[in-house]
Amino acid sequence: MAAPGDTESTLSRRSCFFIFLLVSSLALLYRVTNMEKYLIGTLNENDNQIIMTSKARGRLRRPPMVTSFPRNHSKHPVVYDMNTLERKDLPHGSFLFGPHSHQVNIKHNFKQSWTEVQKELIDDDDDIVDIEKEKERCDRYNFKLANEKNPKRRRLFLGSLLANDSLEVLKAVGTEAWNMFHTVSFIEGNVTQNLSPREWKYYDPNKPSEHLNTLYQLFGPKTKVSVDYYVSNLKTVGGNELITEFLQREGSMYRWEMNGMQEDDIGIILDADEIFTRDFLRAMQVCDMPEFNSNQDCREPKLIASTIVME
């Protein structure tokens, strides 16, 4: 995990704050305004960046969403044909958007085994802002409280990829971020990094997915947890073995938009086994961080965190 000391409007019209957690040798390479370059394998060293739309320019280009399942206040079925899901078709593949945890009837069969100390630390109601406590928190990271007269917490949105990740690891991440995120967006793909086919772990067309039902419960009842599915059209990786990961991450930004992300929200991209400490997540919500100033261009990540990797 990364230690803190280490240092409903559309995204197409507005910019958002982004935190990117990169560990080990993973270099997140993501370009949404020129995705065709990935398909023909013409990447170079200067492409090692994240390009997002800016508030003024609105450069994020997206195909229209095809909606098959009606949006209403009824609960989404837990057994469904994947072809009935809302989808976005792109040159490199298609994203199919499953229901999030607030749209289904969850079978509450998972119980967290927390210690008394964990329970006390997690009991930090995000609807209550203690000014003196938050000033002390910001000071620990050499920041100031953003608005002492009327402090408000920025909302947090998480995006990550799923494959065969350990449930124990996901539980640990969920505990650290319990009830902190507005949205936790996972993307599961139908191919591996070398384009070998893989079976869905979080989708079952014949019965409710136990894996998905458990995942819905790991991040707290206030958080909208979703698993969306990526079906690849790639025939080759074009010399870049991480290309499938780069392309799949785009799905989380569509999910954030669907869930009502706004210009003052924070988006965090990371691997499923990574997370900031709870204390630093709280600091990002209320502290005056220069990287979060809204008058900046979103062509590069605002913050990059790193940590020691034990192997």
# chains A, B, ... in the order shown; residues from 1 in each chain; ligands from 1
$ select_by_dssp --residues "segment 93-195 of chain A" --states "strand (DSSP E)" --output "CSV table (one decimal) with all heavy atoms, in the first residue's frame"
chain,number,residue,atom,x,y,z
A,93,GLY,N,-12.6,-2.2,-28.9
A,93,GLY,CA,-13.4,-3.1,-28.1
A,93,GLY,C,-14.7,-2.4,-27.6
A,93,GLY,O,-15.0,-1.3,-28.0
A,94,SER,N,-15.4,-3.1,-26.8
A,94,SER,CA,-16.7,-2.6,-26.3
A,94,SER,C,-16.7,-2.7,-24.8
A,94,SER,O,-16.2,-3.7,-24.2
A,94,SER,CB,-17.9,-3.4,-26.9
A,94,SER,OG,-17.9,-3.3,-28.3
A,95,PHE,N,-17.3,-1.7,-24.1
A,95,PHE,CA,-17.5,-1.7,-22.7
A,95,PHE,C,-19.0,-2.0,-22.4
A,95,PHE,O,-19.9,-1.3,-23.1
A,95,PHE,CB,-17.1,-0.4,-22.0
A,95,PHE,CG,-15.7,-0.1,-22.0
A,95,PHE,CD1,-15.1,0.8,-22.9
A,95,PHE,CD2,-14.8,-0.7,-21.1
A,95,PHE,CE1,-13.8,1.0,-22.9
A,95,PHE,CE2,-13.5,-0.5,-21.1
A,95,PHE,CZ,-12.9,0.4,-22.0
A,96,LEU,N,-19.3,-2.9,-21.6
A,96,LEU,CA,-20.7,-3.3,-21.2
A,96,LEU,C,-20.8,-3.0,-19.7
A,96,LEU,O,-20.1,-3.5,-18.9
A,96,LEU,CB,-21.0,-4.7,-21.5
A,96,LEU,CG,-20.9,-5.0,-23.0
A,96,LEU,CD1,-19.6,-5.8,-23.3
A,96,LEU,CD2,-22.1,-5.9,-23.5
A,97,PHE,N,-21.8,-2.1,-19.4
A,97,PHE,CA,-21.9,-1.6,-18.0
A,97,PHE,C,-22.9,-2.3,-17.2
A,97,PHE,O,-24.1,-2.2,-17.4
A,97,PHE,CB,-22.2,-0.1,-18.1
A,97,PHE,CG,-21.1,0.7,-18.8
A,97,PHE,CD1,-21.2,1.0,-20.1
A,97,PHE,CD2,-20.0,1.1,-18.1
A,97,PHE,CE1,-20.2,1.7,-20.8
A,97,PHE,CE2,-19.0,1.8,-18.8
A,97,PHE,CZ,-19.1,2.1,-20.1
A,144,LYS,N,-2.7,23.3,3.8
A,144,LYS,CA,-3.6,24.1,4.7
A,144,LYS,C,-5.0,23.6,4.4
A,144,LYS,O,-5.3,23.1,3.3
A,144,LYS,CB,-3.5,25.6,4.3
A,144,LYS,CG,-2.1,26.2,4.6
A,144,LYS,CD,-1.8,26.1,6.1
A,144,LYS,CE,-0.4,26.8,6.3
A,144,LYS,NZ,0.0,26.7,7.8
A,145,LEU,N,-5.9,23.8,5.3
A,145,LEU,CA,-7.3,23.5,5.1
A,145,LEU,C,-7.9,24.4,4.0
A,145,LEU,O,-7.6,25.6,3.9
A,145,LEU,CB,-8.1,23.7,6.3
A,145,LEU,CG,-9.6,23.2,6.3
A,145,LEU,CD1,-9.7,21.7,6.1
A,145,LEU,CD2,-10.3,23.6,7.7
A,156,LEU,N,-14.7,11.2,-3.8
A,156,LEU,CA,-13.6,10.4,-4.4
A,156,LEU,C,-14.2,9.3,-5.3
A,156,LEU,O,-15.2,8.7,-5.0
A,156,LEU,CB,-12.9,9.7,-3.3
A,156,LEU,CG,-12.2,10.6,-2.2
A,156,LEU,CD1,-11.6,9.7,-1.1
A,156,LEU,CD2,-11.2,11.5,-2.8
A,157,PHE,N,-13.6,9.2,-6.5
A,157,PHE,CA,-14.0,8.2,-7.5
A,157,PHE,C,-12.8,7.3,-7.7
A,157,PHE,O,-11.7,7.8,-8.0
A,157,PHE,CB,-14.5,8.8,-8.8
A,157,PHE,CG,-15.8,9.5,-8.7
A,157,PHE,CD1,-16.0,10.6,-7.9
A,157,PHE,CD2,-16.9,9.0,-9.4
A,157,PHE,CE1,-17.2,11.3,-7.8
A,157,PHE,CE2,-18.1,9.6,-9.3
A,157,PHE,CZ,-18.3,10.7,-8.5
A,158,LEU,N,-12.9,6.0,-7.7
A,158,LEU,CA,-11.8,5.0,-7.9
A,158,LEU,C,-12.0,4.2,-9.2
A,158,LEU,O,-13.2,3.9,-9.5
A,158,LEU,CB,-11.7,4.1,-6.7
A,158,LEU,CG,-10.6,3.1,-6.7
A,158,LEU,CD1,-10.1,2.8,-5.2
A,158,LEU,CD2,-10.9,1.8,-7.3
A,159,GLY,N,-11.0,4.0,-9.9
A,159,GLY,CA,-11.0,3.1,-11.1
A,159,GLY,C,-9.9,2.1,-11.1
A,159,GLY,O,-8.7,2.4,-10.8
A,160,SER,N,-10.2,0.9,-11.3
A,160,SER,CA,-9.2,-0.2,-11.3
A,160,SER,C,-9.7,-1.4,-12.2
A,160,SER,O,-10.8,-1.4,-12.7
A,160,SER,CB,-9.1,-0.7,-9.9
A,160,SER,OG,-8.0,-1.6,-9.8
A,161,LEU,N,-8.7,-2.3,-12.5
A,161,LEU,CA,-9.0,-3.4,-13.3
A,161,LEU,C,-9.1,-4.7,-12.4
A,161,LEU,O,-8.4,-4.7,-11.3
A,161,LEU,CB,-7.9,-3.6,-14.3
A,161,LEU,CG,-7.6,-2.5,-15.2
A,161,LEU,CD1,-6.4,-2.8,-16.2
A,161,LEU,CD2,-8.8,-2.0,-16.0
A,162,LEU,N,-9.9,-5.6,-12.8
A,162,LEU,CA,-10.0,-6.9,-12.1
A,162,LEU,C,-9.7,-8.1,-13.0
A,162,LEU,O,-9.9,-8.1,-14.2
A,162,LEU,CB,-11.5,-7.1,-11.6
A,162,LEU,CG,-11.9,-6.5,-10.3
A,162,LEU,CD1,-13.4,-6.8,-10.1
A,162,LEU,CD2,-11.1,-7.0,-9.2
A,183,THR,N,-17.8,6.3,-5.8
A,183,THR,CA,-17.8,5.3,-6.8
A,183,THR,C,-16.5,4.5,-6.8
A,183,THR,O,-15.5,5.0,-6.7
A,183,THR,CB,-18.1,5.9,-8.2
A,183,THR,OG1,-19.4,6.4,-8.2
A,183,THR,CG2,-17.9,4.8,-9.3
A,184,VAL,N,-16.7,3.2,-6.8
A,184,VAL,CA,-15.6,2.3,-7.1
A,184,VAL,C,-15.9,1.5,-8.3
A,184,VAL,O,-16.8,0.7,-8.4
A,184,VAL,CB,-15.3,1.3,-5.9
A,184,VAL,CG1,-14.3,0.2,-6.3
A,184,VAL,CG2,-14.8,2.0,-4.6
A,185,SER,N,-15.1,1.8,-9.4
A,185,SER,CA,-15.3,1.2,-10.7
A,185,SER,C,-14.3,0.2,-11.0
A,185,SER,O,-13.1,0.5,-11.1
A,185,SER,CB,-15.3,2.3,-11.7
A,185,SER,OG,-15.2,1.8,-13.1
A,186,PHE,N,-14.7,-1.1,-11.2
A,186,PHE,CA,-13.8,-2.1,-11.7
A,186,PHE,C,-14.1,-2.5,-13.1
A,186,PHE,O,-15.3,-2.5,-13.5
A,186,PHE,CB,-14.0,-3.4,-10.8
A,186,PHE,CG,-13.4,-3.2,-9.4
A,186,PHE,CD1,-14.2,-3.1,-8.3
A,186,PHE,CD2,-12.0,-3.2,-9.2
A,186,PHE,CE1,-13.7,-3.0,-7.0
A,186,PHE,CE2,-11.5,-3.1,-7.9
A,186,PHE,CZ,-12.3,-3.0,-6.8
A,187,ILE,N,-13.1,-2.8,-13.9
A,187,ILE,CA,-13.3,-3.3,-15.2
A,187,ILE,C,-12.7,-4.6,-15.4
A,187,ILE,O,-11.5,-4.9,-15.0
A,187,ILE,CB,-12.6,-2.3,-16.3
A,187,ILE,CG1,-13.0,-0.9,-16.1
A,187,ILE,CG2,-12.8,-2.8,-17.7
A,187,ILE,CD1,-14.5,-0.6,-16.4
A,188,GLU,N,-13.5,-5.6,-15.9
A,188,GLU,CA,-13.0,-6.9,-16.1
A,188,GLU,C,-13.0,-7.2,-17.6
A,188,GLU,O,-14.0,-7.0,-18.3
A,188,GLU,CB,-13.9,-8.0,-15.4
A,188,GLU,CG,-13.4,-9.4,-15.6
A,188,GLU,CD,-14.3,-10.5,-14.9
A,188,GLU,OE1,-15.4,-10.2,-14.6
A,188,GLU,OE2,-13.8,-11.6,-14.8
A,189,GLY,N,-11.9,-7.7,-18.1
A,189,GLY,CA,-11.7,-8.0,-19.5
A,189,GLY,C,-11.9,-9.4,-19.9
A,189,GLY,O,-11.7,-10.3,-19.0
$ residues_around --residues "segment 108-116 of chain A" --least-positions-apart "2" --cutoff "8 Å" --atoms "only C-alpha atoms" --output "PyMOL selection string"
chain A and resi 106+118-120+214+217
$ write_last_selection --atoms "C-alpha atoms" --output "compact mmCIF listing (two decimals), in the first residue's frame"
# COMPACT_ATOMS: atom_id res chain seq x y z
CA ILE A 106 -27.50 -7.64 -2.44
CA GLN A 118 -10.09 -0.79 13.06
CA LYS A 119 -13.71 -0.06 13.95
CA GLU A 120 -12.68 3.13 15.75
CA THR A 214 -19.19 -10.29 -2.25
CA GLN A 217 -20.08 -5.46 0.06
$ atom_distance --atom1 "atom CA of Val286 of chain A" --atom2 "atom CA of Arg153 of chain A"
5.2 Å
$ atom_distance --atom1 "atom CA of Leu212 of chain A" --atom2 "atom CA of Leu170 of chain A"
12.1 Å
$ residues_around --residues "Val78 of chain A" --least-positions-apart "4" --cutoff "10 Å" --atoms "only C-alpha atoms" --output "ChimeraX atom specification"
/A:98-99,103-106,203-209,212-213
$ closest_residue --among "A:Leu242, A:Met180, A:Ala283, A:Met82" --to "Asp228 of chain A" --atoms "only C-alpha atoms"
A:Met82
$ atom_distance --atom1 "atom CA of Glu134 of chain A" --atom2 "atom CA of Phe219 of chain A"
22.9 Å
$ select_by_dssp --residues "segment 150-181 of chain A" --states "alpha helix (DSSP H)" --output "PyMOL selection string"
chain A and resi 167-176
$ write_last_selection --atoms "all heavy atoms" --output "compact mmCIF listing (two decimals), in the first residue's frame"
# COMPACT_ATOMS: atom_id res chain seq x y z
N LEU A 167 -9.25 -12.31 -2.87
CA LEU A 167 -10.32 -11.71 -2.08
C LEU A 167 -9.76 -11.06 -0.83
O LEU A 167 -10.24 -10.01 -0.39
CB LEU A 167 -11.37 -12.76 -1.72
CG LEU A 167 -12.51 -12.29 -0.81
CD1 LEU A 167 -13.30 -11.17 -1.47
CD2 LEU A 167 -13.43 -13.45 -0.46
N GLU A 168 -8.75 -11.67 -0.23
CA GLU A 168 -8.15 -11.12 0.99
C GLU A 168 -7.54 -9.75 0.72
O GLU A 168 -7.63 -8.84 1.54
CB GLU A 168 -7.10 -12.09 1.55
CG GLU A 168 -7.67 -13.40 2.04
CD GLU A 168 -8.75 -13.21 3.09
OE1 GLU A 168 -8.53 -12.40 4.03
OE2 GLU A 168 -9.81 -13.85 2.98
N VAL A 169 -6.90 -9.60 -0.43
CA VAL A 169 -6.31 -8.30 -0.78
C VAL A 169 -7.41 -7.27 -1.01
O VAL A 169 -7.33 -6.13 -0.53
CB VAL A 169 -5.43 -8.43 -2.04
CG1 VAL A 169 -4.98 -7.06 -2.52
CG2 VAL A 169 -4.22 -9.31 -1.74
N LEU A 170 -8.46 -7.66 -1.73
CA LEU A 170 -9.57 -6.74 -1.97
C LEU A 170 -10.26 -6.35 -0.67
O LEU A 170 -10.71 -5.20 -0.51
CB LEU A 170 -10.57 -7.37 -2.94
CG LEU A 170 -10.05 -7.63 -4.36
CD1 LEU A 170 -11.10 -8.40 -5.17
CD2 LEU A 170 -9.70 -6.32 -5.06
N LYS A 171 -10.34 -7.27 0.27
CA LYS A 171 -10.92 -6.97 1.58
C LYS A 171 -10.07 -5.92 2.30
O LYS A 171 -10.61 -4.99 2.93
CB LYS A 171 -11.01 -8.23 2.43
CG LYS A 171 -12.14 -9.18 2.04
CD LYS A 171 -12.00 -10.54 2.73
CE LYS A 171 -11.94 -10.42 4.23
NZ LYS A 171 -11.84 -11.77 4.88
N ALA A 172 -8.76 -6.06 2.23
CA ALA A 172 -7.86 -5.11 2.89
C ALA A 172 -8.02 -3.71 2.29
O ALA A 172 -8.10 -2.70 3.01
CB ALA A 172 -6.42 -5.58 2.78
N VAL A 173 -8.09 -3.63 0.96
CA VAL A 173 -8.28 -2.34 0.29
C VAL A 173 -9.62 -1.75 0.66
O VAL A 173 -9.75 -0.56 0.96
CB VAL A 173 -8.15 -2.52 -1.24
CG1 VAL A 173 -8.54 -1.23 -1.95
CG2 VAL A 173 -6.73 -2.93 -1.62
N GLY A 174 -10.66 -2.60 0.68
CA GLY A 174 -12.00 -2.13 1.02
C GLY A 174 -12.09 -1.63 2.45
O GLY A 174 -12.82 -0.65 2.73
N THR A 175 -11.36 -2.26 3.36
CA THR A 175 -11.36 -1.82 4.75
C THR A 175 -10.73 -0.43 4.88
O THR A 175 -11.26 0.45 5.56
CB THR A 175 -10.60 -2.82 5.63
OG1 THR A 175 -11.27 -4.08 5.60
CG2 THR A 175 -10.52 -2.35 7.07
N GLU A 176 -9.60 -0.23 4.21
CA GLU A 176 -8.93 1.07 4.27
C GLU A 176 -9.80 2.18 3.72
O GLU A 176 -9.77 3.31 4.21
CB GLU A 176 -7.61 0.99 3.48
CG GLU A 176 -6.68 2.17 3.70
CD GLU A 176 -6.01 2.15 5.06
OE1 GLU A 176 -6.03 1.10 5.74
OE2 GLU A 176 -5.45 3.20 5.45
$ closest_residue --among "A:Asn194, A:Ser226, A:Asn150, A:Thr84" --to "Ser252 of chain A" --atoms "only C-alpha atoms"
A:Ser226
$ closest_residue --among "A:Arg154, A:Pro77, A:Phe246, A:Thr236" --to "Met261 of chain A" --atoms "only C-alpha atoms"
A:Arg154
$ closest_residue --among "A:Lys302, A:Arg278, A:His76, A:Lys135" --to "His100 of chain A" --atoms "only C-alpha atoms"
A:His76
